[in-house]
$ cat coords17.tsv   # TSV, C-alpha atoms (C1' of nucleotides)
chain	number	residue	atom	x	y	z
A	29	MET	CA	99.59	105.92	70.85
A	30	THR	CA	100.26	109.39	72.25
A	31	THR	CA	103.21	111.25	73.70
A	32	VAL	CA	104.03	111.64	77.37
A	33	ARG	CA	103.95	115.16	78.75
A	34	VAL	CA	105.37	115.82	82.19
A	35	PRO	CA	102.84	117.51	84.51
A	36	PRO	CA	103.55	121.13	85.52
A	37	GLY	CA	105.60	121.41	88.67
A	38	TRP	CA	106.82	117.81	88.45
A	39	PRO	CA	109.60	117.42	91.05
A	40	ALA	CA	113.19	117.22	89.93
A	41	THR	CA	114.73	116.01	93.18
A	42	GLU	CA	113.95	113.34	95.74
A	43	GLN	CA	113.46	116.00	98.39
A	44	GLN	CA	110.85	117.82	96.31
A	45	ALA	CA	109.14	114.53	95.53
A	46	ARG	CA	108.86	113.54	99.19
A	47	ALA	CA	107.55	116.97	100.09
A	48	LEU	CA	104.89	116.69	97.39
A	49	GLN	CA	103.80	113.31	98.73
A	50	ASP	CA	103.45	114.77	102.21
A	51	GLU	CA	101.35	117.59	100.78
A	52	LEU	CA	99.08	115.56	98.49
A	53	ARG	CA	98.48	112.86	101.08
A	54	ALA	CA	95.87	115.09	102.73
A	55	ARG	CA	93.68	114.83	99.63
A	56	VAL	CA	93.30	111.06	99.68
A	57	VAL	CA	89.72	109.92	100.34
A	58	LEU	CA	89.49	106.74	102.41
A	59	ASP	CA	85.86	106.78	103.56
A	60	GLU	CA	84.13	105.70	100.36
A	61	PRO	CA	83.35	102.02	99.67
A	62	GLY	CA	83.99	102.42	95.94
A	63	PRO	CA	82.34	100.80	92.92
A	64	GLN	CA	80.78	97.34	93.20
A	65	PRO	CA	82.90	94.44	91.88
A	66	GLY	CA	81.60	93.00	88.64
A	67	ALA	CA	79.78	96.19	87.60
A	68	GLY	CA	80.85	98.96	85.27
A	69	ARG	CA	84.42	99.15	84.07
A	70	VAL	CA	87.85	98.41	85.46
A	71	THR	CA	91.08	99.73	83.99
A	72	GLY	CA	94.57	98.34	84.35
A	73	VAL	CA	97.63	100.56	83.97
A	74	ASP	CA	101.27	99.55	83.69
A	75	VAL	CA	104.60	100.90	82.48
A	76	ALA	CA	107.70	99.42	80.79
A	77	TYR	CA	111.13	100.99	80.47
A	78	ASP	CA	114.22	101.12	78.34
A	79	ASP	CA	116.46	103.22	80.54
A	80	GLU	CA	119.35	102.78	78.14
A	81	ARG	CA	117.48	104.71	75.48
A	82	ASP	CA	115.53	106.87	77.92
A	83	VAL	CA	112.16	105.57	76.79
A	84	VAL	CA	109.07	104.81	78.84
A	85	ALA	CA	105.87	103.23	77.53
A	86	ALA	CA	102.59	103.13	79.43
A	87	ALA	CA	99.36	101.30	78.73
A	88	ALA	CA	95.79	101.62	79.97
A	89	VAL	CA	93.40	98.77	79.26
A	90	VAL	CA	89.69	99.10	80.04
A	91	LEU	CA	87.79	95.92	80.82
A	92	ASP	CA	84.09	95.25	81.22
A	93	ALA	CA	84.00	94.34	84.91
A	94	ALA	CA	81.40	91.61	84.40
A	95	THR	CA	82.92	89.76	81.44
A	96	LEU	CA	86.55	90.96	81.69
A	97	ASP	CA	86.42	91.63	77.95
A	98	VAL	CA	88.63	94.45	76.70
A	99	VAL	CA	86.50	97.44	75.72
A	100	ALA	CA	89.22	100.02	75.10
A	101	GLU	CA	92.96	100.54	75.33
A	102	ALA	CA	95.57	103.24	74.85
A	103	THR	CA	99.32	103.64	75.08
A	104	ALA	CA	101.75	106.51	75.54
A	105	VAL	CA	105.48	106.77	74.91
A	106	GLY	CA	108.01	109.37	75.95
A	107	PRO	CA	111.18	110.14	77.89
A	108	VAL	CA	111.76	108.76	81.41
A	109	SER	CA	110.94	111.51	83.92
A	110	PHE	CA	112.41	110.16	87.17
A	111	PRO	CA	114.80	107.42	88.33
A	112	TYR	CA	113.57	104.45	90.32
A	113	VAL	CA	113.80	105.25	94.00
A	114	PRO	CA	112.00	103.02	96.52
A	115	GLY	CA	109.10	105.07	97.85
A	116	LEU	CA	109.07	107.40	94.85
A	117	LEU	CA	107.86	105.01	92.17
A	118	ALA	CA	104.90	107.25	91.32
A	119	PHE	CA	107.15	110.00	90.00
A	120	ARG	CA	108.63	107.56	87.53
A	121	GLU	CA	105.33	106.08	86.35
A	122	ILE	CA	102.58	108.67	86.62
A	123	PRO	CA	103.38	111.04	83.73
A	124	ALA	CA	103.23	108.16	81.26
A	125	VAL	CA	100.16	106.64	82.91
A	126	LEU	CA	98.28	109.96	82.81
A	127	ALA	CA	99.05	110.31	79.10
A	128	ALA	CA	97.69	106.84	78.40
A	129	LEU	CA	94.56	107.48	80.46
A	130	ASP	CA	93.97	110.77	78.62
A	131	ALA	CA	94.12	108.92	75.33
A	132	LEU	CA	91.30	106.54	76.29
A	133	PRO	CA	88.04	107.01	74.38
A	134	CYS	CA	85.92	106.31	77.47
A	135	PRO	CA	85.93	106.78	81.27
A	136	PRO	CA	88.22	104.28	83.07
A	137	GLY	CA	85.98	103.46	86.02
A	138	LEU	CA	88.07	101.86	88.79
A	139	ILE	CA	91.81	101.95	88.14
A	140	VAL	CA	94.01	99.02	89.21
A	141	CYS	CA	97.68	99.91	89.65
A	142	ASP	CA	100.70	97.64	89.59
A	143	GLY	CA	102.15	98.61	92.97
A	144	TYR	CA	100.96	100.11	96.23
A	145	GLY	CA	98.59	102.76	97.51
A	146	LEU	CA	98.36	103.23	101.27
A	147	ALA	CA	101.04	100.63	101.85
A	148	HIS	CA	103.88	103.09	101.46
A	149	PRO	CA	106.54	104.66	103.74
A	150	ARG	CA	104.57	107.94	103.78
A	151	ARG	CA	101.21	106.27	103.11
A	152	PHE	CA	101.05	107.73	99.61
A	153	GLY	CA	102.02	105.17	97.00
A	154	LEU	CA	101.41	105.08	93.26
A	155	ALA	CA	97.71	104.21	93.52
A	156	SER	CA	97.07	106.97	96.07
A	157	HIS	CA	98.90	109.52	93.94
A	158	LEU	CA	97.13	108.55	90.72
A	159	GLY	CA	93.78	108.67	92.52
A	160	VAL	CA	94.36	112.17	93.86
A	161	LEU	CA	95.51	113.49	90.47
A	162	THR	CA	92.58	111.99	88.55
A	163	GLY	CA	89.89	112.02	91.22
A	164	LEU	CA	89.06	108.44	90.20
A	165	PRO	CA	88.75	105.39	92.46
A	166	THR	CA	92.06	103.47	92.52
A	167	ILE	CA	93.58	100.41	94.19
A	168	GLY	CA	97.08	98.95	94.21
A	169	VAL	CA	97.89	95.28	93.63
A	170	ALA	CA	101.58	94.49	94.09
A	171	LYS	CA	103.57	91.32	93.50
A	172	ASN	CA	105.96	91.82	96.42
A	173	PRO	CA	105.54	92.80	100.08
A	174	PHE	CA	107.96	95.75	99.78
A	175	THR	CA	109.16	96.49	103.32
A	176	PHE	CA	106.02	95.21	105.00
A	177	THR	CA	105.41	92.02	106.91
A	178	TYR	CA	102.65	89.44	106.75
A	179	ASP	CA	101.77	85.94	107.78
A	180	ASP	CA	101.13	83.48	104.99
A	181	PRO	CA	97.37	83.35	104.25
A	182	GLU	CA	95.56	79.98	104.38
A	183	THR	CA	95.94	77.84	101.26
A	184	PRO	CA	92.57	78.39	99.51
A	185	ARG	CA	92.05	81.21	97.03
A	186	GLY	CA	90.35	84.14	98.72
A	187	SER	CA	92.25	83.78	102.00
A	188	THR	CA	93.83	86.93	103.37
A	189	SER	CA	96.15	88.13	106.10
A	190	PRO	CA	97.02	91.66	107.16
A	191	LEU	CA	99.92	93.45	105.51
A	192	LEU	CA	101.60	95.21	108.37
A	193	ALA	CA	103.75	98.25	108.97
A	194	GLY	CA	104.53	97.46	112.57
A	195	THR	CA	101.04	96.94	113.98
A	196	GLU	CA	99.24	99.09	111.43
A	197	GLU	CA	97.33	97.25	108.71
A	198	VAL	CA	98.30	99.06	105.51
A	199	GLY	CA	96.95	96.43	103.14
A	200	ARG	CA	96.25	92.75	102.78
A	201	ALA	CA	98.05	89.70	101.46
A	202	LEU	CA	95.44	88.04	99.25
A	203	ARG	CA	95.67	84.51	97.89
A	204	THR	CA	94.26	84.62	94.36
A	205	ARG	CA	95.12	80.98	93.47
A	206	ASP	CA	95.13	77.96	95.76
A	207	GLY	CA	98.55	77.50	97.31
A	208	VAL	CA	100.20	80.18	95.16
A	209	LYS	CA	102.12	83.17	96.51
A	210	PRO	CA	99.63	85.90	97.43
A	211	VAL	CA	99.36	89.37	95.90
A	212	PHE	CA	99.49	92.46	98.09
A	213	VAL	CA	96.44	94.69	97.94
A	214	SER	CA	96.20	98.20	99.30
A	215	VAL	CA	93.76	101.06	99.05
A	216	GLY	CA	94.40	103.93	96.69
A	217	HIS	CA	91.65	106.55	96.54
A	218	ARG	CA	87.90	106.33	97.22
A	219	VAL	CA	87.83	102.53	97.72
A	220	SER	CA	87.70	100.47	100.93
A	221	LEU	CA	90.25	97.74	101.60
A	222	ALA	CA	87.59	95.02	101.69
A	223	ASN	CA	86.22	96.21	98.37
A	224	ALA	CA	89.71	96.42	96.88
A	225	CYS	CA	90.23	92.76	97.77
A	226	ALA	CA	86.83	91.83	96.33
A	227	HIS	CA	87.72	93.54	93.07
A	228	THR	CA	91.06	91.77	92.96
A	229	LEU	CA	89.37	88.40	93.40
A	230	ALA	CA	86.88	89.24	90.66
A	231	LEU	CA	89.80	90.05	88.37
A	232	THR	CA	91.67	86.79	89.02
A	233	PRO	CA	89.51	83.94	87.66
A	234	ALA	CA	92.51	82.17	86.14
A	235	TYR	CA	95.85	83.68	87.12
A	236	ARG	CA	97.60	85.04	90.19
A	237	LEU	CA	97.66	88.59	88.82
A	238	PRO	CA	94.56	90.61	87.90
A	239	GLU	CA	93.51	90.49	84.25
A	240	THR	CA	93.82	94.26	84.24
A	241	THR	CA	97.53	94.26	85.04
A	242	ARG	CA	98.19	91.26	82.79
A	243	ARG	CA	96.59	93.05	79.85
A	244	ALA	CA	98.27	96.37	80.62
A	245	ASP	CA	101.66	94.69	81.10
A	246	ALA	CA	101.49	92.95	77.73
A	247	LEU	CA	100.37	96.13	75.99
A	248	CYS	CA	103.01	98.48	77.39
A	249	ARG	CA	105.76	95.98	76.57
A	250	ALA	CA	104.52	95.78	73.01
A	251	ALA	CA	104.40	99.58	72.82
A	252	LEU	CA	107.97	99.79	74.11
A	253	ARG	CA	109.14	97.29	71.50
A	254	GLU	CA	107.54	99.29	68.70
A	255	ALA	CA	109.03	102.51	70.03
A	256	THR	CA	112.53	101.08	70.23
B	19	DG	C1'	127.07	103.80	109.00
B	20	DC	C1'	125.13	99.70	106.07
B	21	DG	C1'	121.73	97.21	103.75
B	22	DA	C1'	116.76	96.61	102.09
B	23	DC	C1'	113.46	98.35	99.31
B	24	DA	C1'	106.62	98.59	94.87
B	25	DG	C1'	108.36	98.80	89.51
C	14	DA	C1'	111.80	97.09	85.86
C	15	DT	C1'	115.49	94.40	83.07
C	16	DC	C1'	119.35	91.07	81.84
C	17	DT	C1'	118.07	85.78	79.67
C	18	DT	C1'	117.44	79.23	77.44
C	19	DG	C1'	115.78	75.70	78.19
C	20	DT	C1'	112.63	73.02	80.38
C	21	DC	C1'	108.93	70.71	83.08
C	22	DG	C1'	103.97	70.33	82.87
C	23	DC	C1'	98.91	70.85	81.76

$ encode --input "coords17.tsv" --output "structure tokens"
Amino acid sequence: MTTVRVPPGWPATEQQARALQDELRARVVLDEPGPQPGAGRVTGVDVAYDDERDVVAAAAVVLDAATLDVVAEATAVGPVSFPYVPGLLAFREIPAVLAALDALPCPPGLIVCDGYGLAHPRRFGLASHLGVLTGLPTIGVAKNPFTFTYDDPETPRGSTSPLLAGTEEVGRALRTRDGVKPVFVSVGHRVSLANACAHTLALTPAYRLPETTRRADALCRAALREAT
DNA sequence: GCGACAG
DNA sequence: ATCTTGTCGC
């Protein structure tokens, strides 16, 4: 486990944070298909908090994309660097996530975030931001539709429907288990939406949420417990 | 102006 | 995210 260090120039106010999103958005790459599902490695990242004690714990868990076996993992603990503000989640999570990624003994491959990428008020969510800062391919898989709308996908696993901001498709509602509430997939950096959905399906052989986020969630909670 | 709102 | 017990079910 390592310590969180806040990146240089990290915004201190909501205004600065929004301005930074508007600036960094130009660096997002949307015209690459991204890595093939089932090949190479896939890394899940997640964060847990104890705001009372001003502690944040992040975890990064690397899986073999073919077997979904854990091949590496790392955690990071430190002070909370930003409050939760809808639309500014990245500023709360990224410092800790970067520290955990830096502590990994191997390259992460594709990174799966717990939240959104393109599906964001300014089209620059957590997955987009993390992708731009690392240069790595990223996608976002969220548990809730945030402010977006969607029609319920058909019952079978694999069914999708557009996640809409007005008439713009910013992501996809993807059914990962028959008849169970869908997850909400959006593009981060250097991955197409279709490929992001394919990866999500490959990561959900048994549960609604991707194995990557399940593993990362369990690990960062454990790290928070040990740090408290 | 008021509420809603990823985690 | 987090606060929180038992409980129904495979």

$ interface_residues --input "coords17.tsv" --of "chain B" --to "chain A" --cutoff "7 Å" --atoms "all atoms listed in the file" --output "PyMOL selection string"
chain B and resi 23-25

$ closest_atom_pairs --input "coords17.tsv" --of "chain C" --to "chain A" --cutoff "12 Å" --atoms "all atoms listed in the file" --output "Markdown table"
| residue | atom | partner | partner_atom | distance |
| --- | --- | --- | --- | --- |
| C:DA14 | C1' | A:Tyr77 | CA | 6.7 |
| C:DT15 | C1' | A:Asp78 | CA | 8.3 |
| C:DC16 | C1' | A:Asp78 | CA | 11.8 |

$ atom_distance --input "coords17.tsv" --atom1 "atom CA of A:Ala230" --atom2 "atom CA of A:Arg249"
24.5 Å

$ atom_distance --input "coords17.tsv" --atom1 "atom CA of A:Pro210" --atom2 "atom CA of A:Pro65"
19.6 Å

$ atom_distance --input "coords17.tsv" --atom1 "atom CA of A:Ser187" --atom2 "atom CA of A:Ala234"
15.9 Å

$ residues_around --input "coords17.tsv" --residues "A:Leu52" --least-positions-apart "3" --cutoff "8 Å" --atoms "all atoms listed in the file" --output "list in words"
Leu48, Gln49, Arg55, Val56, His157 and Val160 of chain A

$ write_last_selection --input "coords17.tsv" --atoms "C-alpha atoms" --output "compact mmCIF listing (two decimals), in the coordinates of the input"
# COMPACT_ATOMS: atom_id res chain seq x y z
CA LEU A 48 104.89 116.69 97.39
CA GLN A 49 103.80 113.31 98.73
CA ARG A 55 93.68 114.83 99.63
CA VAL A 56 93.30 111.06 99.68
CA HIS A 157 98.90 109.52 93.94
CA VAL A 160 94.36 112.17 93.86

$ residues_around --input "coords17.tsv" --residues "stretch 84-94 of chain A" --least-positions-apart "2" --cutoff "7 Å" --atoms "only C-alpha atoms (C1' of nucleotides)" --output "mmCIF file with C-alpha atoms, in the frame of the given file"
data_model
loop_
_atom_site.group_PDB
_atom_site.id
_atom_site.type_symbol
_atom_site.label_atom_id
_atom_site.label_comp_id
_atom_site.auth_asym_id
_atom_site.auth_seq_id
_atom_site.Cartn_x
_atom_site.Cartn_y
_atom_site.Cartn_z
ATOM 1 C CA GLY A 66 81.600 93.000 88.640
ATOM 2 C CA ALA A 67 79.780 96.190 87.600
ATOM 3 C CA GLY A 68 80.850 98.960 85.270
ATOM 4 C CA ARG A 69 84.420 99.150 84.070
ATOM 5 C CA VAL A 70 87.850 98.410 85.460
ATOM 6 C CA THR A 71 91.080 99.730 83.990
ATOM 7 C CA GLY A 72 94.570 98.340 84.350
ATOM 8 C CA VAL A 73 97.630 100.560 83.970
ATOM 9 C CA ASP A 74 101.270 99.550 83.690
ATOM 10 C CA VAL A 75 104.600 100.900 82.480
ATOM 11 C CA ALA A 76 107.700 99.420 80.790
ATOM 12 C CA TYR A 77 111.130 100.990 80.470
ATOM 13 C CA ASP A 78 114.220 101.120 78.340
ATOM 14 C CA ASP A 82 115.530 106.870 77.920
ATOM 15 C CA LEU A 96 86.550 90.960 81.690
ATOM 16 C CA ASP A 97 86.420 91.630 77.950
ATOM 17 C CA VAL A 98 88.630 94.450 76.700
ATOM 18 C CA VAL A 99 86.500 97.440 75.720
ATOM 19 C CA ALA A 100 89.220 100.020 75.100
ATOM 20 C CA GLU A 101 92.960 100.540 75.330
ATOM 21 C CA ALA A 102 95.570 103.240 74.850
ATOM 22 C CA THR A 103 99.320 103.640 75.080
ATOM 23 C CA ALA A 104 101.750 106.510 75.540
ATOM 24 C CA VAL A 105 105.480 106.770 74.910
ATOM 25 C CA GLY A 106 108.010 109.370 75.950
ATOM 26 C CA PRO A 107 111.180 110.140 77.890
ATOM 27 C CA VAL A 108 111.760 108.760 81.410
ATOM 28 C CA ALA A 124 103.230 108.160 81.260
ATOM 29 C CA VAL A 125 100.160 106.640 82.910
ATOM 30 C CA ALA A 128 97.690 106.840 78.400
ATOM 31 C CA LEU A 129 94.560 107.480 80.460
ATOM 32 C CA PRO A 136 88.220 104.280 83.070
ATOM 33 C CA THR A 240 93.820 94.260 84.240
ATOM 34 C CA ARG A 243 96.590 93.050 79.850
ATOM 35 C CA ALA A 244 98.270 96.370 80.620
ATOM 36 C CA LEU A 247 100.370 96.130 75.990
ATOM 37 C CA CYS A 248 103.010 98.480 77.390
ATOM 38 C CA ALA A 251 104.400 99.580 72.820
ATOM 39 C CA LEU A 252 107.970 99.790 74.110
#

$ residues_near_point --input "coords17.tsv" --point "(91.6, 93.2, 87.9)" --cutoff "6 Å" --atoms "all atoms listed in the file" --output "list of chain:residue names"
A:Thr228, A:Leu231, A:Pro238, A:Glu239, A:Thr240
